[in-house]
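Just protein.pdb here, PDB, C-alpha atoms, pLDDT in the B column:
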```pdb
ATOM      1  CA  MET K  54       2.378  12.358  12.123  1.00 51.00           C
ATOM      2  CA  ASN K  55       2.728   9.060  13.999  1.00 52.00           C
ATOM      3  CA  SER K  56       0.296   6.249  14.723  1.00 53.00           C
ATOM      4  CA  ALA K  57      -0.354   7.533  18.244  1.00 57.00           C
ATOM      5  CA  SER K  58      -1.480  10.984  17.108  1.00 71.00           C
ATOM      6  CA  VAL K  59      -3.606  10.223  14.064  1.00 75.00           C
ATOM      7  CA  LYS K  60      -6.883  10.262  15.997  1.00 79.00           C
ATOM      8  CA  ASP K  61      -6.165  13.908  16.843  1.00 82.00           C
ATOM      9  CA  ASN K  62      -5.721  14.882  13.196  1.00 85.00           C
ATOM     10  CA  PRO K  63      -8.340  17.587  12.506  1.00 89.00           C
ATOM     11  CA  ILE K  64      -8.950  16.427   8.914  1.00 89.00           C
ATOM     12  CA  LEU K  65      -9.762  12.915  10.096  1.00 92.00           C
ATOM     13  CA  GLN K  66     -11.809  14.126  13.053  1.00 93.00           C
ATOM     14  CA  ALA K  67     -13.932  16.326  10.811  1.00 94.00           C
ATOM     15  CA  LEU K  68     -14.451  13.582   8.242  1.00 95.00           C
ATOM     16  CA  VAL K  69     -15.528  11.016  10.835  1.00 96.00           C
ATOM     17  CA  ARG K  70     -17.935  13.510  12.409  1.00 96.00           C
ATOM     18  CA  ASP K  71     -19.439  14.404   9.041  1.00 97.00           C
ATOM     19  CA  LEU K  72     -19.744  10.777   7.954  1.00 97.00           C
ATOM     20  CA  ALA K  73     -21.634   9.910  11.134  1.00 96.00           C
ATOM     21  CA  ALA K  74     -23.955  12.863  10.575  1.00 97.00           C
ATOM     22  CA  ALA K  75     -24.535  11.965   6.913  1.00 96.00           C
ATOM     23  CA  VAL K  76     -25.421   8.280   7.211  1.00 97.00           C
ATOM     24  CA  GLY K  77     -26.174   7.819  10.915  1.00 96.00           C
ATOM     25  CA  PRO K  78     -26.364   4.201  12.115  1.00 96.00           C
ATOM     26  CA  ARG K  79     -25.540   2.949   8.611  1.00 97.00           C
ATOM     27  CA  LEU K  80     -21.909   3.913   9.366  1.00 98.00           C
ATOM     28  CA  LYS K  81     -20.262   0.869  10.939  1.00 97.00           C
ATOM     29  CA  SER K  82     -16.547   1.717  10.957  1.00 97.00           C
ATOM     30  CA  VAL K  83     -13.906   4.131   9.730  1.00 97.00           C
ATOM     31  CA  VAL K  84     -10.405   2.641   9.595  1.00 96.00           C
ATOM     32  CA  LEU K  85      -7.106   4.346   8.824  1.00 94.00           C
ATOM     33  CA  TYR K  86      -4.454   2.129   7.255  1.00 91.00           C
ATOM     34  CA  GLY K  87      -1.193   2.568   5.354  1.00 84.00           C
ATOM     35  CA  SER K  88       1.747   4.783   6.243  1.00 79.00           C
ATOM     36  CA  ALA K  89      -0.071   7.010   8.740  1.00 81.00           C
ATOM     37  CA  ALA K  90      -1.319   3.989  10.699  1.00 84.00           C
ATOM     38  CA  ARG K  91       2.172   2.443  10.689  1.00 80.00           C
ATOM     39  CA  GLY K  92       3.871   5.634  11.855  1.00 73.00           C
ATOM     40  CA  ASP K  93       5.626   5.745   8.457  1.00 67.00           C
ATOM     41  CA  PHE K  94       3.941   8.916   7.176  1.00 60.00           C
ATOM     42  CA  VAL K  95       6.043  11.258   5.016  1.00 56.00           C
ATOM     43  CA  ARG K  96       4.552  14.734   4.696  1.00 59.00           C
ATOM     44  CA  LYS K  97       3.895  15.867   1.092  1.00 54.00           C
ATOM     45  CA  THR K  98       4.361  12.354  -0.327  1.00 53.00           C
ATOM     46  CA  SER K  99       2.217  10.075   1.878  1.00 64.00           C
ATOM     47  CA  ASP K 100      -1.567   9.820   1.837  1.00 77.00           C
ATOM     48  CA  LEU K 101      -4.264   9.358   4.438  1.00 86.00           C
ATOM     49  CA  ASN K 102      -5.694   5.982   3.420  1.00 90.00           C
ATOM     50  CA  LEU K 103      -9.153   5.214   4.775  1.00 96.00           C
ATOM     51  CA  ILE K 104     -11.733   2.455   4.687  1.00 97.00           C
ATOM     52  CA  VAL K 105     -15.333   3.425   5.305  1.00 98.00           C
ATOM     53  CA  VAL K 106     -17.591   0.529   6.258  1.00 98.00           C
ATOM     54  CA  VAL K 107     -21.321   1.056   5.883  1.00 98.00           C
ATOM     55  CA  GLU K 108     -24.210  -1.318   6.434  1.00 97.00           C
ATOM     56  CA  ALA K 109     -24.940  -1.652   2.722  1.00 97.00           C
ATOM     57  CA  LEU K 110     -23.443  -0.160  -0.436  1.00 97.00           C
ATOM     58  CA  ASP K 111     -26.759   0.921  -1.916  1.00 97.00           C
ATOM     59  CA  PRO K 112     -27.081   3.991  -4.176  1.00 97.00           C
ATOM     60  CA  ALA K 113     -28.735   6.140  -1.496  1.00 96.00           C
ATOM     61  CA  THR K 114     -25.867   5.556   0.949  1.00 97.00           C
ATOM     62  CA  LEU K 115     -23.242   6.165  -1.745  1.00 97.00           C
ATOM     63  CA  GLU K 116     -24.894   9.461  -2.683  1.00 97.00           C
ATOM     64  CA  ALA K 117     -24.932  10.542   0.966  1.00 97.00           C
ATOM     65  CA  LEU K 118     -21.203   9.855   1.213  1.00 97.00           C
ATOM     66  CA  ALA K 119     -20.298  11.545  -2.066  1.00 97.00           C
ATOM     67  CA  PRO K 120     -19.900  15.221  -1.019  1.00 96.00           C
ATOM     68  CA  LEU K 121     -17.800  14.308   2.020  1.00 96.00           C
ATOM     69  CA  LEU K 122     -15.487  12.036   0.069  1.00 96.00           C
ATOM     70  CA  ARG K 123     -15.096  14.634  -2.691  1.00 95.00           C
ATOM     71  CA  ARG K 124     -14.069  17.216  -0.103  1.00 94.00           C
ATOM     72  CA  PHE K 125     -11.548  14.798   1.385  1.00 93.00           C
ATOM     73  CA  MET K 126     -10.087  14.095  -2.067  1.00 93.00           C
ATOM     74  CA  ARG K 127      -9.750  17.813  -2.809  1.00 92.00           C
ATOM     75  CA  ARG K 128      -7.263  17.919   0.068  1.00 88.00           C
ATOM     76  CA  GLY K 129      -5.035  15.637  -1.983  1.00 87.00           C
ATOM     77  CA  HIS K 130      -5.919  12.271  -0.442  1.00 89.00           C
ATOM     78  CA  PRO K 131      -7.165   9.185  -2.305  1.00 91.00           C
ATOM     79  CA  VAL K 132     -10.822   8.292  -2.288  1.00 93.00           C
ATOM     80  CA  PRO K 133     -11.576   6.093   0.738  1.00 95.00           C
ATOM     81  CA  ARG K 134     -12.284   2.438   0.050  1.00 96.00           C
ATOM     82  CA  LEU K 135     -15.923   1.573   0.622  1.00 98.00           C
ATOM     83  CA  PHE K 136     -16.931  -1.761   2.125  1.00 97.00           C
ATOM     84  CA  SER K 137     -19.846  -3.383   3.862  1.00 97.00           C
ATOM     85  CA  PRO K 138     -19.256  -6.001   6.582  1.00 96.00           C
ATOM     86  CA  ALA K 139     -20.465  -8.694   4.188  1.00 95.00           C
ATOM     87  CA  LEU K 140     -18.088  -7.553   1.453  1.00 96.00           C
ATOM     88  CA  ILE K 141     -15.104  -7.633   3.834  1.00 96.00           C
ATOM     89  CA  ALA K 142     -15.967 -11.203   4.818  1.00 93.00           C
ATOM     90  CA  ALA K 143     -16.223 -12.227   1.161  1.00 94.00           C
ATOM     91  CA  SER K 144     -13.035 -10.449  -0.010  1.00 95.00           C
ATOM     92  CA  ALA K 145     -10.223 -11.970   2.059  1.00 92.00           C
ATOM     93  CA  ASP K 146      -9.385 -14.371  -0.769  1.00 92.00           C
ATOM     94  CA  THR K 147      -9.381 -11.531  -3.318  1.00 93.00           C
ATOM     95  CA  PHE K 148      -7.279  -8.937  -1.448  1.00 93.00           C
ATOM     96  CA  PRO K 149      -4.985 -10.951   0.854  1.00 93.00           C
ATOM     97  CA  ILE K 150      -2.015  -8.549   0.643  1.00 90.00           C
ATOM     98  CA  GLU K 151      -4.154  -5.500   1.335  1.00 90.00           C
ATOM     99  CA  PHE K 152      -6.049  -7.180   4.163  1.00 92.00           C
ATOM    100  CA  LEU K 153      -2.838  -8.432   5.774  1.00 88.00           C
ATOM    101  CA  GLU K 154      -1.411  -4.921   5.689  1.00 85.00           C
ATOM    102  CA  ILE K 155      -4.595  -3.492   7.170  1.00 90.00           C
ATOM    103  CA  ARG K 156      -4.742  -6.224   9.795  1.00 87.00           C
ATOM    104  CA  SER K 157      -1.146  -5.594  10.883  1.00 82.00           C
ATOM    105  CA  SER K 158      -1.307  -1.761  10.975  1.00 84.00           C
ATOM    106  CA  ARG K 159      -4.628  -0.018  11.382  1.00 91.00           C
ATOM    107  CA  VAL K 160      -6.255   2.619  13.548  1.00 92.00           C
ATOM    108  CA  VAL K 161     -10.001   2.338  14.072  1.00 94.00           C
ATOM    109  CA  LEU K 162     -11.307   5.901  14.068  1.00 94.00           C
ATOM    110  CA  GLN K 163     -14.988   5.042  14.433  1.00 95.00           C
ATOM    111  CA  GLY K 164     -17.041   1.971  15.327  1.00 95.00           C
ATOM    112  CA  GLU K 165     -15.930  -1.629  15.701  1.00 93.00           C
ATOM    113  CA  ASP K 166     -12.840  -3.202  14.151  1.00 95.00           C
ATOM    114  CA  PRO K 167     -14.072  -4.910  10.965  1.00 95.00           C
ATOM    115  CA  PHE K 168     -10.781  -6.747  10.322  1.00 94.00           C
ATOM    116  CA  SER K 169     -10.197  -8.416  13.687  1.00 90.00           C
ATOM    117  CA  GLY K 170     -11.589 -11.769  12.560  1.00 87.00           C
ATOM    118  CA  VAL K 171     -10.388 -11.787   8.951  1.00 90.00           C
ATOM    119  CA  ALA K 172      -8.399 -14.929   8.023  1.00 89.00           C
ATOM    120  CA  ILE K 173      -6.057 -15.015   5.023  1.00 89.00           C
ATOM    121  CA  ARG K 174      -5.283 -18.192   3.070  1.00 90.00           C
ATOM    122  CA  ARG K 175      -1.626 -18.723   2.123  1.00 89.00           C
ATOM    123  CA  ASP K 176      -2.423 -19.988  -1.367  1.00 91.00           C
ATOM    124  CA  CYS K 177      -4.421 -16.838  -2.124  1.00 92.00           C
ATOM    125  CA  LEU K 178      -1.603 -14.662  -0.770  1.00 93.00           C
ATOM    126  CA  ARG K 179       1.013 -16.502  -2.843  1.00 92.00           C
ATOM    127  CA  LEU K 180      -0.998 -16.085  -6.044  1.00 92.00           C
ATOM    128  CA  GLN K 181      -1.578 -12.365  -5.496  1.00 94.00           C
ATOM    129  CA  CYS K 182       2.096 -11.723  -4.671  1.00 94.00           C
ATOM    130  CA  GLU K 183       3.223 -13.429  -7.869  1.00 93.00           C
ATOM    131  CA  ARG K 184       0.590 -11.789 -10.060  1.00 94.00           C
ATOM    132  CA  GLU K 185       1.086  -8.280  -8.746  1.00 95.00           C
ATOM    133  CA  LEU K 186       4.881  -8.436  -8.782  1.00 95.00           C
ATOM    134  CA  LYS K 187       4.725  -9.333 -12.457  1.00 95.00           C
ATOM    135  CA  GLU K 188       2.108  -6.660 -13.149  1.00 97.00           C
ATOM    136  CA  LYS K 189       4.084  -3.952 -11.321  1.00 97.00           C
ATOM    137  CA  MET K 190       7.246  -4.985 -13.161  1.00 97.00           C
ATOM    138  CA  MET K 191       5.361  -4.675 -16.449  1.00 98.00           C
ATOM    139  CA  ARG K 192       4.217  -1.156 -15.535  1.00 97.00           C
ATOM    140  CA  LEU K 193       7.763  -0.237 -14.498  1.00 98.00           C
ATOM    141  CA  ARG K 194       9.113  -1.404 -17.856  1.00 98.00           C
ATOM    142  CA  GLU K 195       6.439   0.530 -19.722  1.00 98.00           C
ATOM    143  CA  GLY K 196       7.233   3.636 -17.704  1.00 98.00           C
ATOM    144  CA  TYR K 197      10.930   3.280 -18.448  1.00 98.00           C
ATOM    145  CA  VAL K 198      10.240   3.061 -22.178  1.00 98.00           C
ATOM    146  CA  LEU K 199       8.395   6.372 -21.984  1.00 97.00           C
ATOM    147  CA  CYS K 200      10.808   8.341 -19.780  1.00 97.00           C
ATOM    148  CA  HIS K 201      14.274   6.730 -19.851  1.00 97.00           C
ATOM    149  CA  ASP K 202      15.725   9.834 -21.556  1.00 96.00           C
ATOM    150  CA  ARG K 203      14.132  12.355 -19.155  1.00 97.00           C
ATOM    151  CA  ALA K 204      15.919  12.336 -15.808  1.00 96.00           C
ATOM    152  CA  ARG K 205      13.232  14.140 -13.803  1.00 94.00           C
ATOM    153  CA  ALA K 206      10.444  11.913 -15.092  1.00 97.00           C
ATOM    154  CA  LEU K 207      12.528   8.801 -14.456  1.00 97.00           C
ATOM    155  CA  ARG K 208      13.156   9.891 -10.871  1.00 96.00           C
ATOM    156  CA  ARG K 209       9.389  10.329 -10.419  1.00 96.00           C
ATOM    157  CA  LEU K 210       8.772   6.869 -11.863  1.00 97.00           C
ATOM    158  CA  LEU K 211      11.245   5.287  -9.493  1.00 97.00           C
ATOM    159  CA  ALA K 212       9.969   7.167  -6.442  1.00 95.00           C
ATOM    160  CA  SER K 213       6.323   6.416  -7.174  1.00 95.00           C
ATOM    161  CA  SER K 214       6.998   2.697  -7.649  1.00 97.00           C
ATOM    162  CA  TYR K 215       8.589   2.185  -4.232  1.00 96.00           C
ATOM    163  CA  PRO K 216       5.467   1.937  -2.005  1.00 91.00           C
ATOM    164  CA  ALA K 217       3.818  -0.657  -4.259  1.00 93.00           C
ATOM    165  CA  PHE K 218       6.836  -2.959  -4.206  1.00 96.00           C
ATOM    166  CA  ALA K 219       7.287  -2.463  -0.447  1.00 94.00           C
ATOM    167  CA  ALA K 220       3.656  -3.562   0.037  1.00 91.00           C
ATOM    168  CA  LEU K 221       4.291  -6.687  -2.039  1.00 94.00           C
ATOM    169  CA  PHE K 222       7.400  -7.428   0.012  1.00 96.00           C
ATOM    170  CA  ARG K 223       5.190  -7.344   3.115  1.00 92.00           C
ATOM    171  CA  GLY K 224       3.150 -10.123   1.572  1.00 93.00           C
ATOM    172  CA  GLY K 225       6.331 -12.016   0.706  1.00 94.00           C
ATOM    173  CA  LEU K 226       7.531 -11.831   4.311  1.00 94.00           C
ATOM    174  CA  HIS K 227       4.204 -13.194   5.520  1.00 91.00           C
ATOM    175  CA  LEU K 228       4.580 -16.086   3.072  1.00 91.00           C
ATOM    176  CA  MET K 229       8.090 -16.799   4.351  1.00 91.00           C
ATOM    177  CA  GLY K 230       6.880 -16.787   7.946  1.00 89.00           C
ATOM    178  CA  ARG K 231       9.035 -13.781   8.810  1.00 92.00           C
ATOM    179  CA  GLU K 232       8.114 -11.053  11.252  1.00 90.00           C
ATOM    180  CA  VAL K 233       6.944  -8.012   9.293  1.00 90.00           C
ATOM    181  CA  PRO K 234       8.242  -4.625  10.535  1.00 89.00           C
ATOM    182  CA  ALA K 235       6.071  -1.523  10.364  1.00 79.00           C
ATOM    183  CA  PRO K 236       8.248   0.994   8.426  1.00 84.00           C
ATOM    184  CA  SER K 237       8.504   0.330   4.705  1.00 86.00           C
ATOM    185  CA  GLY K 238      12.278   0.741   4.715  1.00 92.00           C
ATOM    186  CA  ASP K 239      12.613  -2.003   7.321  1.00 94.00           C
ATOM    187  CA  VAL K 240      10.264  -4.257   5.340  1.00 95.00           C
ATOM    188  CA  VAL K 241      12.435  -3.883   2.249  1.00 97.00           C
ATOM    189  CA  ALA K 242      15.618  -4.522   4.236  1.00 97.00           C
ATOM    190  CA  VAL K 243      14.245  -7.685   5.863  1.00 97.00           C
ATOM    191  CA  PHE K 244      12.848  -8.996   2.578  1.00 97.00           C
ATOM    192  CA  CYS K 245      16.161  -8.388   0.821  1.00 97.00           C
ATOM    193  CA  GLU K 246      17.984 -10.309   3.544  1.00 97.00           C
ATOM    194  CA  ALA K 247      15.485 -13.204   3.405  1.00 95.00           C
ATOM    195  CA  ALA K 248      15.525 -13.382  -0.408  1.00 95.00           C
ATOM    196  CA  GLY K 249      19.268 -12.812  -0.845  1.00 96.00           C
ATOM    197  CA  LEU K 250      18.875  -9.461  -2.605  1.00 97.00           C
ATOM    198  CA  ASP K 251      21.058  -6.351  -2.602  1.00 97.00           C
ATOM    199  CA  ARG K 252      19.185  -3.727  -0.590  1.00 97.00           C
ATOM    200  CA  VAL K 253      21.266  -0.757  -1.804  1.00 97.00           C
ATOM    201  CA  PRO K 254      19.223  -0.050  -4.976  1.00 97.00           C
ATOM    202  CA  PHE K 255      16.053   0.066  -2.890  1.00 97.00           C
ATOM    203  CA  GLU K 256      17.680   2.489  -0.456  1.00 96.00           C
ATOM    204  CA  GLU K 257      18.645   4.697  -3.412  1.00 96.00           C
ATOM    205  CA  VAL K 258      15.045   4.744  -4.644  1.00 97.00           C
ATOM    206  CA  ALA K 259      13.780   5.483  -1.122  1.00 95.00           C
ATOM    207  CA  SER K 260      16.161   8.456  -1.043  1.00 95.00           C
ATOM    208  CA  LEU K 261      14.672   9.739  -4.300  1.00 95.00           C
ATOM    209  CA  ARG K 262      11.210   9.417  -2.769  1.00 92.00           C
ATOM    210  CA  ARG K 263      12.321  11.577   0.173  1.00 90.00           C
ATOM    211  CA  GLY K 264      13.600  14.221  -2.255  1.00 89.00           C
ATOM    212  CA  GLU K 265      17.240  13.320  -1.659  1.00 90.00           C
ATOM    213  CA  ASN K 266      19.936  11.944  -3.969  1.00 80.00           C
ATOM    214  CA  ALA K 267      18.947  14.502  -6.611  1.00 78.00           C
ATOM    215  CA  THR K 268      22.281  14.439  -8.430  1.00 85.00           C
ATOM    216  CA  ALA K 269      22.476  10.650  -8.807  1.00 90.00           C
ATOM    217  CA  ASP K 270      22.060   9.169 -12.281  1.00 95.00           C
ATOM    218  CA  PRO K 271      18.507   7.731 -12.355  1.00 96.00           C
ATOM    219  CA  LYS K 272      19.316   5.355 -15.224  1.00 97.00           C
ATOM    220  CA  THR K 273      22.041   3.716 -13.159  1.00 96.00           C
ATOM    221  CA  ILE K 274      19.686   3.452 -10.189  1.00 97.00           C
ATOM    222  CA  PHE K 275      16.945   2.024 -12.406  1.00 98.00           C
ATOM    223  CA  ALA K 276      19.207  -0.703 -13.799  1.00 98.00           C
ATOM    224  CA  ARG K 277      20.227  -1.888 -10.327  1.00 97.00           C
ATOM    225  CA  TYR K 278      16.686  -1.580  -8.936  1.00 98.00           C
ATOM    226  CA  TYR K 279      15.151  -3.426 -11.885  1.00 98.00           C
ATOM    227  CA  GLY K 280      17.697  -6.201 -11.595  1.00 97.00           C
ATOM    228  CA  GLN K 281      16.925  -6.805  -7.917  1.00 98.00           C
ATOM    229  CA  LEU K 282      13.167  -6.661  -8.539  1.00 97.00           C
ATOM    230  CA  THR K 283      13.571  -9.327 -11.216  1.00 97.00           C
ATOM    231  CA  ARG K 284      15.336 -11.524  -8.680  1.00 96.00           C
ATOM    232  CA  ALA K 285      12.571 -10.805  -6.140  1.00 96.00           C
ATOM    233  CA  ALA K 286       9.922 -11.974  -8.606  1.00 94.00           C
ATOM    234  CA  HIS K 287      11.853 -15.196  -9.244  1.00 94.00           C
ATOM    235  CA  HIS K 288      12.149 -15.781  -5.491  1.00 93.00           C
ATOM    236  CA  VAL K 289       8.387 -15.416  -4.955  1.00 92.00           C
ATOM    237  CA  ASP K 290       7.764 -17.748  -7.908  1.00 89.00           C
ATOM    238  CA  ARG K 291       9.651 -20.499  -6.058  1.00 88.00           C
ATOM    239  CA  LEU K 292       7.938 -20.090  -2.684  1.00 85.00           C
ATOM    240  CA  GLU K 293       5.809 -22.993  -1.497  1.00 70.00           C
ATOM    241  CA  THR K 294       2.418 -22.092  -0.088  1.00 63.00           C
ATOM    242  CA  GLY K 295       1.930 -24.952   2.322  1.00 58.00           C
ATOM    243  CA  GLY K 296      -1.262 -24.816   4.330  1.00 53.00           C
ATOM    244  CA  GLY K 297      -2.926 -22.673   6.927  1.00 57.00           C
ATOM    245  CA  THR K 298      -2.950 -18.893   7.267  1.00 62.00           C
ATOM    246  CA  PRO K 299      -0.095 -16.388   7.594  1.00 59.00           C
TER
END
```
If you convert what's in this file into structure tokens, what do you get?
Amino acid sequence: MNSASVKDNPILQALVRDLAAAVGPRLKSVVLYGSAARGDFVRKTSDLNLIVVVEALDPATLEALAPLLRRFMRRGHPVPRLFSPALIAASADTFPIEFLEIRSSRVVLQGEDPFSGVAIRRDCLRLQCERELKEKMMRLREGYVLCHDRARALRRLLASSYPAFAALFRGGLHLMGREVPAPSGDVVAVFCEAAGLDRVPFEEVASLRRGENATADPKTIFARYYGQLTRAAHHVDRLETGGGTP
């Protein structure tokens, strides 16, 4: 699936049609974001990430959406994020990384584009990048404690961590004023170059995510990957926010 064909996806077409029937004019927008919107979709490992924007997030509207969203989730996709236009306007300082990613790669499946006028503050972006890098590193350490002696589980830990760190590197590139590519692999490569990191450990983890590199020692990969992530966190710590918006 690529970004040009997502509107023809029958799962998405059916969901948009059913959402419009369920809530009528209360449905303002349906937006696809993430790997499918970037043309970076990997079958069996990537999700269809959606934002559903409704006029108000009142209990009656949420109940009307519930059976459709449950059906979508049973197909293996995450629950769509629910917003109102007012909540989007009030959340740019809370979710700057997520909103930047949506703003840079999105496909509007229904209604108007709710992110076209969203402005992101650099100081908010810098704080979220630092906080989430440290939080994701903490989770990675905890996961390693639990599965360091089980090769298959460690491979899963490494593979599952990759998209989250790639998303944070997108935010880091915005902070550094760099052009942000669409594919996650290119994002990681450009960030590594800008931050002076070795990109090879990230490429090894990306291979695990694609189901390749199955005979490689995951503990060796983890050590190299963890070392470069530690350097990435230190680099973001030292970034100056300056003023304006990315």
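Distance check against Ala172 of chain K using only C-alpha atoms: of K:Glu195, K:Glu185, K:Ala143, K:Lys272, the minimum falls on K:Ala143.
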Let me know the residues the PyMOL selection byres ((chain K and resi 286) around 12) catches in the file above, as an MDAnalysis selection string. chainID K and resid 179:191 218 221:222 225 244:245 248 250 279:285 287:292
Just write the chosen residues, C-alpha atoms, as a CSV table (one decimal), in the coordinates of the input.
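Saved the output as selection-v8.csv:
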```csv
chain,number,residue,atom,x,y,z
K,179,ARG,CA,1.0,-16.5,-2.8
K,180,LEU,CA,-1.0,-16.1,-6.0
K,181,GLN,CA,-1.6,-12.4,-5.5
K,182,CYS,CA,2.1,-11.7,-4.7
K,183,GLU,CA,3.2,-13.4,-7.9
K,184,ARG,CA,0.6,-11.8,-10.1
K,185,GLU,CA,1.1,-8.3,-8.7
K,186,LEU,CA,4.9,-8.4,-8.8
K,187,LYS,CA,4.7,-9.3,-12.5
K,188,GLU,CA,2.1,-6.7,-13.1
K,189,LYS,CA,4.1,-4.0,-11.3
K,190,MET,CA,7.2,-5.0,-13.2
K,191,MET,CA,5.4,-4.7,-16.4
K,218,PHE,CA,6.8,-3.0,-4.2
K,221,LEU,CA,4.3,-6.7,-2.0
K,222,PHE,CA,7.4,-7.4,0.0
K,225,GLY,CA,6.3,-12.0,0.7
K,244,PHE,CA,12.8,-9.0,2.6
K,245,CYS,CA,16.2,-8.4,0.8
K,248,ALA,CA,15.5,-13.4,-0.4
K,250,LEU,CA,18.9,-9.5,-2.6
K,279,TYR,CA,15.2,-3.4,-11.9
K,280,GLY,CA,17.7,-6.2,-11.6
K,281,GLN,CA,16.9,-6.8,-7.9
K,282,LEU,CA,13.2,-6.7,-8.5
K,283,THR,CA,13.6,-9.3,-11.2
K,284,ARG,CA,15.3,-11.5,-8.7
K,285,ALA,CA,12.6,-10.8,-6.1
K,287,HIS,CA,11.9,-15.2,-9.2
K,288,HIS,CA,12.1,-15.8,-5.5
K,289,VAL,CA,8.4,-15.4,-5.0
K,290,ASP,CA,7.8,-17.7,-7.9
K,291,ARG,CA,9.7,-20.5,-6.1
K,292,LEU,CA,7.9,-20.1,-2.7
```
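Nearest residue to Gly87 of chain K, choosing from K:Asp61, K:Glu265, K:Glu116, K:Glu151 and counting all atoms listed in the file: K:Glu151.
Here the PyMOL selection byres ((chain K and resi 215) around 10) matches the residues Leu210, Leu211, Ala212, Ser213, Ser214, Pro216, Ala217, Phe218, Ala219, Ala220, Ser237, Gly238, Val241, Phe255, Glu256, Val258, Ala259, Leu261 and Arg262 of chain K.
When atom CA of Arg124 of chain K is paired with atom CA of Gly164 of chain K, their separation reads 21.9 Å.
Distance check against Pro78 of chain K using only C-alpha atoms: of K:Ser144, K:Gln163, K:Val132, K:Ser260, the minimum falls on K:Gln163.
Among K:Leu68, K:Tyr278, K:Ala113, K:Gly92, the residue with the shortest atom-to-atom distance to Asp251 of chain K, counting all atoms listed in the file, is K:Tyr278.
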I'd like to know which of K:Leu121, K:Ala242, K:Ala109, K:Leu103 is closest to Leu162 of chain K, using all atoms listed in the file. K:Leu103
Missing atoms in segment 167-178 of chain K need filling: write out N, CA and C atoms for it as a PDB file, keeping the file's coordinate frame.
```
ATOM      1  N   PRO K 167     -13.501  -3.937  11.892  1.00 95.00           N
ATOM      2  CA  PRO K 167     -14.072  -4.910  10.965  1.00 95.00           C
ATOM      3  C   PRO K 167     -13.088  -5.957  10.474  1.00 95.00           C
ATOM      4  N   PHE K 168     -11.791  -5.830  10.835  1.00 94.00           N
ATOM      5  CA  PHE K 168     -10.781  -6.747  10.322  1.00 94.00           C
ATOM      6  C   PHE K 168     -10.235  -7.695  11.395  1.00 94.00           C
ATOM      7  N   SER K 169     -10.769  -7.626  12.593  1.00 90.00           N
ATOM      8  CA  SER K 169     -10.197  -8.416  13.687  1.00 90.00           C
ATOM      9  C   SER K 169     -10.338  -9.916  13.452  1.00 90.00           C
ATOM     10  N   GLY K 170     -11.377 -10.337  12.761  1.00 87.00           N
ATOM     11  CA  GLY K 170     -11.589 -11.769  12.560  1.00 87.00           C
ATOM     12  C   GLY K 170     -11.295 -12.251  11.158  1.00 87.00           C
ATOM     13  N   VAL K 171     -10.643 -11.422  10.344  1.00 90.00           N
ATOM     14  CA  VAL K 171     -10.388 -11.787   8.951  1.00 90.00           C
ATOM     15  C   VAL K 171      -9.222 -12.779   8.881  1.00 90.00           C
ATOM     16  N   ALA K 172      -9.443 -13.914   8.210  1.00 89.00           N
ATOM     17  CA  ALA K 172      -8.399 -14.929   8.023  1.00 89.00           C
ATOM     18  C   ALA K 172      -7.951 -14.929   6.566  1.00 89.00           C
ATOM     19  N   ILE K 173      -6.646 -15.052   6.366  1.00 89.00           N
ATOM     20  CA  ILE K 173      -6.057 -15.015   5.023  1.00 89.00           C
ATOM     21  C   ILE K 173      -5.479 -16.388   4.685  1.00 89.00           C
ATOM     22  N   ARG K 174      -5.819 -16.910   3.525  1.00 90.00           N
ATOM     23  CA  ARG K 174      -5.283 -18.192   3.070  1.00 90.00           C
ATOM     24  C   ARG K 174      -3.938 -17.981   2.371  1.00 90.00           C
ATOM     25  N   ARG K 175      -2.976 -18.861   2.678  1.00 89.00           N
ATOM     26  CA  ARG K 175      -1.626 -18.723   2.123  1.00 89.00           C
ATOM     27  C   ARG K 175      -1.619 -18.881   0.603  1.00 89.00           C
ATOM     28  N   ASP K 176      -2.439 -19.791   0.077  1.00 91.00           N
ATOM     29  CA  ASP K 176      -2.423 -19.988  -1.367  1.00 91.00           C
ATOM     30  C   ASP K 176      -2.938 -18.754  -2.101  1.00 91.00           C
ATOM     31  N   CYS K 177      -3.919 -18.078  -1.522  1.00 92.00           N
ATOM     32  CA  CYS K 177      -4.421 -16.838  -2.124  1.00 92.00           C
ATOM     33  C   CYS K 177      -3.364 -15.740  -2.054  1.00 92.00           C
ATOM     34  N   LEU K 178      -2.659 -15.658  -0.929  1.00 93.00           N
ATOM     35  CA  LEU K 178      -1.603 -14.662  -0.770  1.00 93.00           C
ATOM     36  C   LEU K 178      -0.475 -14.913  -1.759  1.00 93.00           C
TER      37      LEU K 178
END
```
